[in-house]
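Structure first, then comments.
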Amino acid sequence: MKLISGTAHRALAERIAEELGTRLADVHVTSFPDGETFVKINENIRGEDVFIVQPSCPPTNHNLMELLIMVDAARRASAERITAVMPFFGYARQDRKDQPRVPITAKLVANLLTSAGVGRVLTMDLHAPQIQGFFDIPVDHLYAKPALIGYIREKVGDPSGLTVVSPDVGGTKLARAYSDAIGAELAIVAKHRVSATKVEAMNVIGEVAGRDVMLVDDMTETAGTLCAAAEILQANGAKRIFAGVSHAVLDTMGRDRIKNSAIEEVITTDSVPQASGEKVHVCGIAPLMAEAIKRIAGGQSVTSLFEV
């Protein structure tokens with residue numbers, strides 16, 4: 001087995017390698033003056049089971065192209081099998097035609113990965129689980145819950161006074177999984193998205209008055225959904241407000257919103273390097289990803305890691 005890291009999140013790849021008791025393969029990644037990416041694998045990978053760690057986080061297009069180039073280099077070096085380890089799968093929000101004359105970019109990315117030579121994809125908390133069906137190759141879809149749930153339990157204490165809240169209707173299944181695991185109540189915030197950066201929360205379905213709440217979502221970028229939901233939850237009498245997010249792809253606007261919001265703490269994973277900031281607590285996913293890689297390489301079942 002060979003573990004390769006792109007430049008998107010080398011720190012995570014190093015932690016995964018440490019968990020596996022191995023080292024990252026020697027790979028040289030650089031750019032030409034015009035921005036073209038050049039990759040050279042400096043060791044023999046012929047007949048090897050190759051795992052390339054590269055989340056498609058910002059700069060998304062650059063990191064995705066770098067991954068495709070690394071896959072092509074590994075394929076042409078006669079790797080036996082290539083697995084793209086993408087803790088965060090970018091473009092997952094563009095998974096359907098919800099307007100006239102728009103692309104389904106998540107399907108395009110799936111096609112690109114398959115055409116480049118990827119034989120398997122290992123990812124975590126897709127924006128829509130149905131994206132697995134966009135691939136004609138195996139997809140191992142893990143969940144961040146095992147990494148987050150321990151700290152969440154420690155933070156909220158007695159679950160009888162806690163309500164897990166989905167900030168939109170689409171995240172109800174994920175919120176239900178967390179509420180069942182913690183033993184808490186469930187509520188939903190109905191929202192209306194005005195633009196890519198602005199969200200208007202509308203009303204709350206469920207009981208939150210006088211209770212601590214844990215907002216649960218698969219990803220946040222500008223934190224508009226989380227902060228709007230926190231505002232309406234506070235207006236409905238919620239006490240302490242936390243947020244559990246699988247992928248915190250935070251920009252400056254997102255960090256500022258969280259800092260100035262009613263949210264006490266955002267609990268997230270290190271699936272992307274952008275997961276940082278004031279009131280942000282990061283839980284490591286390296287043990288989870290390493291265990292999945294070990295089982296895939298050894299031809300063992302990964303079913304127990306799929307628990308949501």
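Here, A, B, ... name the chains of the structure tokens in the order displayed, residue numbers run from 1 inside each chain, and ligands are numbered from 1 in the same displayed order.
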Quick one: residues within 10 Å of Ala275 in chain A, only C-alpha atoms counted, chain neighbours fewer than 3 positions away excluded, as a PDB file with N, CA, C and O atoms, in the first residue's frame?
```
ATOM      1  N   THR A 220     -20.638  24.025   6.391  1.00  0.00           N
ATOM      2  CA  THR A 220     -20.912  25.456   6.435  1.00  0.00           C
ATOM      3  C   THR A 220     -19.735  26.191   5.820  1.00  0.00           C
ATOM      4  O   THR A 220     -18.594  25.750   5.925  1.00  0.00           O
ATOM      5  N   GLU A 221     -20.036  27.291   5.156  1.00  0.00           N
ATOM      6  CA  GLU A 221     -19.001  28.075   4.483  1.00  0.00           C
ATOM      7  C   GLU A 221     -19.057  29.524   4.965  1.00  0.00           C
ATOM      8  O   GLU A 221     -18.122  30.022   5.584  1.00  0.00           O
ATOM      9  N   VAL A 245     -20.860  20.418  12.914  1.00  0.00           N
ATOM     10  CA  VAL A 245     -20.758  20.510  11.452  1.00  0.00           C
ATOM     11  C   VAL A 245     -19.656  19.572  10.964  1.00  0.00           C
ATOM     12  O   VAL A 245     -18.543  19.589  11.495  1.00  0.00           O
ATOM     13  N   SER A 246     -19.965  18.770   9.951  1.00  0.00           N
ATOM     14  CA  SER A 246     -18.970  17.826   9.430  1.00  0.00           C
ATOM     15  C   SER A 246     -17.813  18.543   8.747  1.00  0.00           C
ATOM     16  O   SER A 246     -16.648  18.206   8.960  1.00  0.00           O
ATOM     17  N   HIS A 247     -18.130  19.518   7.894  1.00  0.00           N
ATOM     18  CA  HIS A 247     -17.102  20.226   7.122  1.00  0.00           C
ATOM     19  C   HIS A 247     -17.244  21.732   7.330  1.00  0.00           C
ATOM     20  O   HIS A 247     -18.223  22.326   6.873  1.00  0.00           O
ATOM     21  N   ALA A 248     -16.294  22.345   8.014  1.00  0.00           N
ATOM     22  CA  ALA A 248     -16.324  23.796   8.221  1.00  0.00           C
ATOM     23  C   ALA A 248     -15.375  24.447   7.219  1.00  0.00           C
ATOM     24  O   ALA A 248     -14.211  24.707   7.516  1.00  0.00           O
ATOM     25  N   VAL A 249     -15.891  24.694   6.012  1.00  0.00           N
ATOM     26  CA  VAL A 249     -15.086  25.303   4.946  1.00  0.00           C
ATOM     27  C   VAL A 249     -15.201  26.824   5.109  1.00  0.00           C
ATOM     28  O   VAL A 249     -15.734  27.529   4.249  1.00  0.00           O
ATOM     29  N   LEU A 250     -14.703  27.320   6.217  1.00  0.00           N
ATOM     30  CA  LEU A 250     -14.983  28.699   6.629  1.00  0.00           C
ATOM     31  C   LEU A 250     -14.115  29.719   5.901  1.00  0.00           C
ATOM     32  O   LEU A 250     -12.904  29.554   5.762  1.00  0.00           O
ATOM     33  N   ASP A 251     -14.770  30.781   5.455  1.00  0.00           N
ATOM     34  CA  ASP A 251     -14.058  31.936   4.930  1.00  0.00           C
ATOM     35  C   ASP A 251     -14.102  33.034   5.994  1.00  0.00           C
ATOM     36  O   ASP A 251     -14.593  32.826   7.106  1.00  0.00           O
ATOM     37  N   ARG A 255     -16.219  33.058   9.629  1.00  0.00           N
ATOM     38  CA  ARG A 255     -15.592  33.166  10.953  1.00  0.00           C
ATOM     39  C   ARG A 255     -16.136  34.358  11.724  1.00  0.00           C
ATOM     40  O   ARG A 255     -16.389  34.278  12.930  1.00  0.00           O
ATOM     41  N   VAL A 266     -18.819  25.960  17.756  1.00  0.00           N
ATOM     42  CA  VAL A 266     -19.020  25.126  16.568  1.00  0.00           C
ATOM     43  C   VAL A 266     -18.062  23.951  16.676  1.00  0.00           C
ATOM     44  O   VAL A 266     -16.847  24.137  16.769  1.00  0.00           O
ATOM     45  N   ILE A 267     -18.609  22.743  16.676  1.00  0.00           N
ATOM     46  CA  ILE A 267     -17.808  21.517  16.781  1.00  0.00           C
ATOM     47  C   ILE A 267     -17.722  20.910  15.389  1.00  0.00           C
ATOM     48  O   ILE A 267     -18.748  20.623  14.764  1.00  0.00           O
ATOM     49  N   THR A 268     -16.508  20.745  14.888  1.00  0.00           N
ATOM     50  CA  THR A 268     -16.345  20.295  13.505  1.00  0.00           C
ATOM     51  C   THR A 268     -15.173  19.328  13.399  1.00  0.00           C
ATOM     52  O   THR A 268     -14.561  18.950  14.408  1.00  0.00           O
ATOM     53  N   THR A 269     -14.856  18.901  12.173  1.00  0.00           N
ATOM     54  CA  THR A 269     -13.740  17.985  11.941  1.00  0.00           C
ATOM     55  C   THR A 269     -12.626  18.699  11.179  1.00  0.00           C
ATOM     56  O   THR A 269     -12.808  19.795  10.661  1.00  0.00           O
ATOM     57  N   ASP A 270     -11.482  18.017  11.072  1.00  0.00           N
ATOM     58  CA  ASP A 270     -10.351  18.572  10.313  1.00  0.00           C
ATOM     59  C   ASP A 270     -10.337  18.037   8.884  1.00  0.00           C
ATOM     60  O   ASP A 270      -9.280  17.823   8.305  1.00  0.00           O
ATOM     61  N   SER A 271     -11.527  17.829   8.303  1.00  0.00           N
ATOM     62  CA  SER A 271     -11.610  17.341   6.921  1.00  0.00           C
ATOM     63  C   SER A 271     -11.057  18.347   5.928  1.00  0.00           C
ATOM     64  O   SER A 271     -10.648  17.986   4.825  1.00  0.00           O
ATOM     65  N   VAL A 272     -11.059  19.637   6.312  1.00  0.00           N
ATOM     66  CA  VAL A 272     -10.499  20.701   5.468  1.00  0.00           C
ATOM     67  C   VAL A 272      -9.629  21.599   6.340  1.00  0.00           C
ATOM     68  O   VAL A 272      -9.888  21.762   7.536  1.00  0.00           O
ATOM     69  N   VAL A 280     -14.531  27.831  17.458  1.00  0.00           N
ATOM     70  CA  VAL A 280     -14.540  26.625  16.614  1.00  0.00           C
ATOM     71  C   VAL A 280     -13.660  25.562  17.269  1.00  0.00           C
ATOM     72  O   VAL A 280     -12.480  25.798  17.523  1.00  0.00           O
ATOM     73  N   HIS A 281     -14.236  24.401  17.558  1.00  0.00           N
ATOM     74  CA  HIS A 281     -13.478  23.277  18.128  1.00  0.00           C
ATOM     75  C   HIS A 281     -13.371  22.182  17.070  1.00  0.00           C
ATOM     76  O   HIS A 281     -14.378  21.760  16.508  1.00  0.00           O
ATOM     77  N   VAL A 282     -12.143  21.721  16.824  1.00  0.00           N
ATOM     78  CA  VAL A 282     -11.902  20.743  15.754  1.00  0.00           C
ATOM     79  C   VAL A 282     -11.599  19.362  16.329  1.00  0.00           C
ATOM     80  O   VAL A 282     -10.726  19.217  17.183  1.00  0.00           O
ATOM     81  N   CYS A 283     -12.342  18.351  15.858  1.00  0.00           N
ATOM     82  CA  CYS A 283     -12.113  16.949  16.231  1.00  0.00           C
ATOM     83  C   CYS A 283     -11.436  16.245  15.051  1.00  0.00           C
ATOM     84  O   CYS A 283     -11.800  16.466  13.896  1.00  0.00           O
TER      85      CYS A 283
END
```
How close does each residue of range 6-52 of chain A get to range 82-97 of chain A, giving the shortest atom pair and distance in Å to one decimal for every residue with an atom at most 6 Å away, counting only C-alpha atoms, sorted by chain and residue number, as a tab-separated table?
```
residue	atom	partner	partner_atom	distance
A:Val50	CA	A:Ile82	CA	4.8
A:Phe51	CA	A:Thr83	CA	4.8
A:Ile52	CA	A:Ala84	CA	5.1
```
_Which of range 131-249 of chain A DSSP labels helix (DSSP H, G or I), written as a VMD selection string_ = chain A and resid 131 to 134 145 to 156 159 to 161 169 to 182 224 to 235
*asked:* Nearest residue to Arg15 in chain A out of A:Phe135, A:Asn111, A:Leu3, A:Thr222, using only C-alpha atoms?
replied: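 Closest residue, counting only C-alpha atoms: A:Leu3.
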*What's the 8 Å shell around Leu20 in chain A, counting only C-alpha atoms, without same-chain residues fewer than 4 positions away, as a PyMOL selection string?*
chain A and resi 16+290-291+294
*Write down as number ranges by chain the residues belonging to range 42-267 of chain A that are assigned strand (DSSP E or B) by DSSP computed on the backbone.*
A: 49-53, 81-86, 120-124, 139-142, 162-166, 185-193, 199-205, 212-220, 241-248, 265-267
